[in-house]
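**Q** Take this structure first; my questions come after.
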Number of protein chains: 4
Amino acid sequence: MKTNIHRVRVGWGDCDPAKIVYYPNYYRWFDDATHALFRSVGLDIGALYAQYDIAGMPLMESSARYLSPSAFGDILEIESGVSSWQRKAFVISHTVTNNGRPAVQGSETRFWGLRHPDDPSRLKAGEIPAEIRRRFGAAEL
Amino acid sequence: MKTNIHRVRVGWGDCDPAKIVYYPNYYRWFDDATHALFRSVGLDIGALYAQYDIAGMPLMESSARYLSPSAFGDILEIESGVSSWQRKAFVISHTVTNNGRPAVQGSETRFWGLRHPDDPSRLKAGEIPAEIRRRFGAAEL
Amino acid sequence: MKTNIHRVRVGWGDCDPAKIVYYPNYYRWFDDATHALFRSVGLDIGALYAQYDIAGMPLMESSARYLSPSAFGDILEIESGVSSWQRKAFVISHTVTNNGRPAVQGSETRFWGLRHPDDPSRLKAGEIPAEIRRRFGAAEL
Amino acid sequence: MKTNIHRVRVGWGDCDPAKIVYYPNYYRWFDDATHALFRSVGLDIGALYAQYDIAGMPLMESSARYLSPSAFGDILEIESGVSSWQRKAFVISHTVTNNGRPAVQGSETRFWGLRHPDDPSRLKAGEIPAEIRRRFGAAEL
């Protein structure tokens, strides 16, 4: 599995009155890390959206287990990789460490989001182009 | 299970360029909904933290399944309840509907966060006071 | 000046390790309060964007003076009104009080954001329709 | 004036349905840029807070002028410096450019936030230590 490491410095506003990271921020960073992972295999998501006329890669599921808290000024390393490819969806795994200490284990399941032909405000899952999977070194389906 | 309904109007900044809710915001709303649930049984979390000298109710796990997208201006109803009590932790289930349509199903597992006696920057799980469980109508352990 | 009051309950994640509101959140609430102000005169912004084919009401300037801090659980009242109309722009003033105590004084200068004819990714200021100003009871220009 | 450049990559969730940066995020980046400025002169804010027993550097005022929009994936450069020192407060100026194009001009006025002796939940302005000003090359008052 090709992985990429995305670094985040925990900001003052990322932490709550308990002086630890407010947990929804980890998902924001997972999203950033997924984009960084795509860039790391040469795929610019903005260009991708235009090229394939997709509206995004919306979430089907997301989850996280919190192993240790992090605080203002900490540098987090998020190692991300696509752990599973399906025809229209894929799972990204995110392993967050803080100075080598396991901090958070997360995952996102996303689908390839085409605009719905009957209603542009809706999205429908489309087939992930083979070229995309190839960039990640994934086998043919 | 006692439940509470917390309403959220989706803001402009809660949505992304695909014109749907940016998913980390759902977790922010889960957090707000958990606080609203506690208030609904007469427990003010700020007062609780002072009374029991806890630093918070940090997350052990969180997850969400996204069933349909929501957009700017939508009114979401989040029905929340404690679906499981353990000695030092509990699970809150969140069912989000958008004008009656299932939108997101989420859960948070939180522990009762005491300050660590040896290191105030760390938290350790403490026993959830019986009074807290009683307010939710939960059986004795 | 017609004004509207928008109420906000300060969330746990809205506060920082100093246990007061992290200041960028006030601007998020100003934005919500501006939308609430439009609704209060019968203008739904989503519908407005579709009707007039505008992409939004982007900011030209924003500012805030912080008069007293607010904390988790506080209920803020944001009183908002359009304090100045120009041909293509307008100023919204926001007065935030916390249980009657002055908390923040803010303002937003926004323009009427048409899509640029030559480049859909850009916005250009257009004339604010007379109907919009009338809803606020503003004089003709 | 000593300045520091802080780089930000605009994330997907930083943008709104108009496909441009949702403006409150600029203030979050100003806050990060101020912290980066302090680090650039050898001052770690976390350590500073502990050393001087301050609770933070809360805002008195903030403002921004928006010169051109930015979008998902853009790399912003925020050049920050302390443009004015007072006895208990200081002004940080932030100049944001996007690929060389002026994007936003912002400022923050902050005070040196001591815990109030009579009420730990309140903050009062204290004298900025001479050492801090010296690090920035500021003249004696």
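In the structure tokens, the first chain shown is A, the next is B, and so on; residue numbers restart at 1 for each chain, and ligands run from 1 in the order shown.
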Can you write out as JSON lines which residues of range 21-111 of chain C fall within 9 Å of range 64-74 of chain D, alongside each residue's closest atom pair and its distance in Å to one decimal, counting only C-alpha atoms and ordering rows by chain and ascending residue number?
**A**
{"residue": "C:Pro58", "atom": "CA", "partner": "D:Pro69", "partner_atom": "CA", "distance": 8.8}
{"residue": "C:Leu59", "atom": "CA", "partner": "D:Tyr66", "partner_atom": "CA", "distance": 6.5}
{"residue": "C:Met60", "atom": "CA", "partner": "D:Tyr66", "partner_atom": "CA", "distance": 5.0}
{"residue": "C:Glu61", "atom": "CA", "partner": "D:Arg65", "partner_atom": "CA", "distance": 4.4}
{"residue": "C:Ser62", "atom": "CA", "partner": "D:Ala64", "partner_atom": "CA", "distance": 5.4}
{"residue": "C:Ser63", "atom": "CA", "partner": "D:Ala64", "partner_atom": "CA", "distance": 6.4}
**Q** Identify all residues of range 46-112 of chain A in strand (DSSP E or B) (DSSP on the backbone) and supply them as a PyMOL selection string.
**A** chain A and resi 54-56+59-66+75-85+89-98+101-111
**Q** Output as a ChimeraX atom specification the set of chain A residues within 9 Å of chain D, with distances taken over only C-alpha atoms.
**A** /A:11-13,28,31-32,35,44-46,72-73
**Q** Between CA of His94 in chain C and CA of Tyr27 in chain B, what distance in Å does the model show, to one decimal?
**A**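 Between these atoms lies a distance of 28.0 Å.
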**Q** Per DSSP on the backbone, what are the helix (DSSP H, G or I) residues of range 7-62 of chain B, as a ChimeraX atom specification?
**A** /B:12-14,24-40,45-52
**Q** Can you pull out the residues contacting Glu79 in chain B? Cut-off 8 Å, using only C-alpha atoms, and skip same-chain residues under 3 positions away; I want them as JSON, numbers by chain.
**A** {"B": [3, 4, 5, 6, 33, 94, 95, 96]}
**Q** Would you work out the distance separating CA of Asn98 in chain C from CA of Cys15 in chain C, expressed in Å to one decimal?
**A**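 Calculated distance between CA of Asn98 in chain C and CA of Cys15 in chain C is 15.0 Å.
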**Q** Between C:Leu48, C:Leu76, C:Met1, C:Ile92, which one has atoms that come closest to Thr34 in chain C, using only C-alpha atoms?
**A**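 For Thr34 in chain C, the nearest of the given residues is C:Ile92.
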**Q** Quick check, in Å to one decimal: how far apart do CA of Phe111 in chain A and CA of Arg7 in chain B lie?
**A** 27.8 Å
**Q** Out of C:Ile78, C:Tyr52, C:Tyr26, C:Trp112, which residue has the shortest atom-to-atom distance to Asn99 in chain C when counting only C-alpha atoms?
**A** C:Ile78
**Q** Excluding range 114-129 of chain B and any residue of its chain fewer than 4 positions from it, enumerate the residues within 6 Å of it, using only C-alpha atoms, and give them as a ChimeraX atom specification.
**A** /B:54-55,87-88
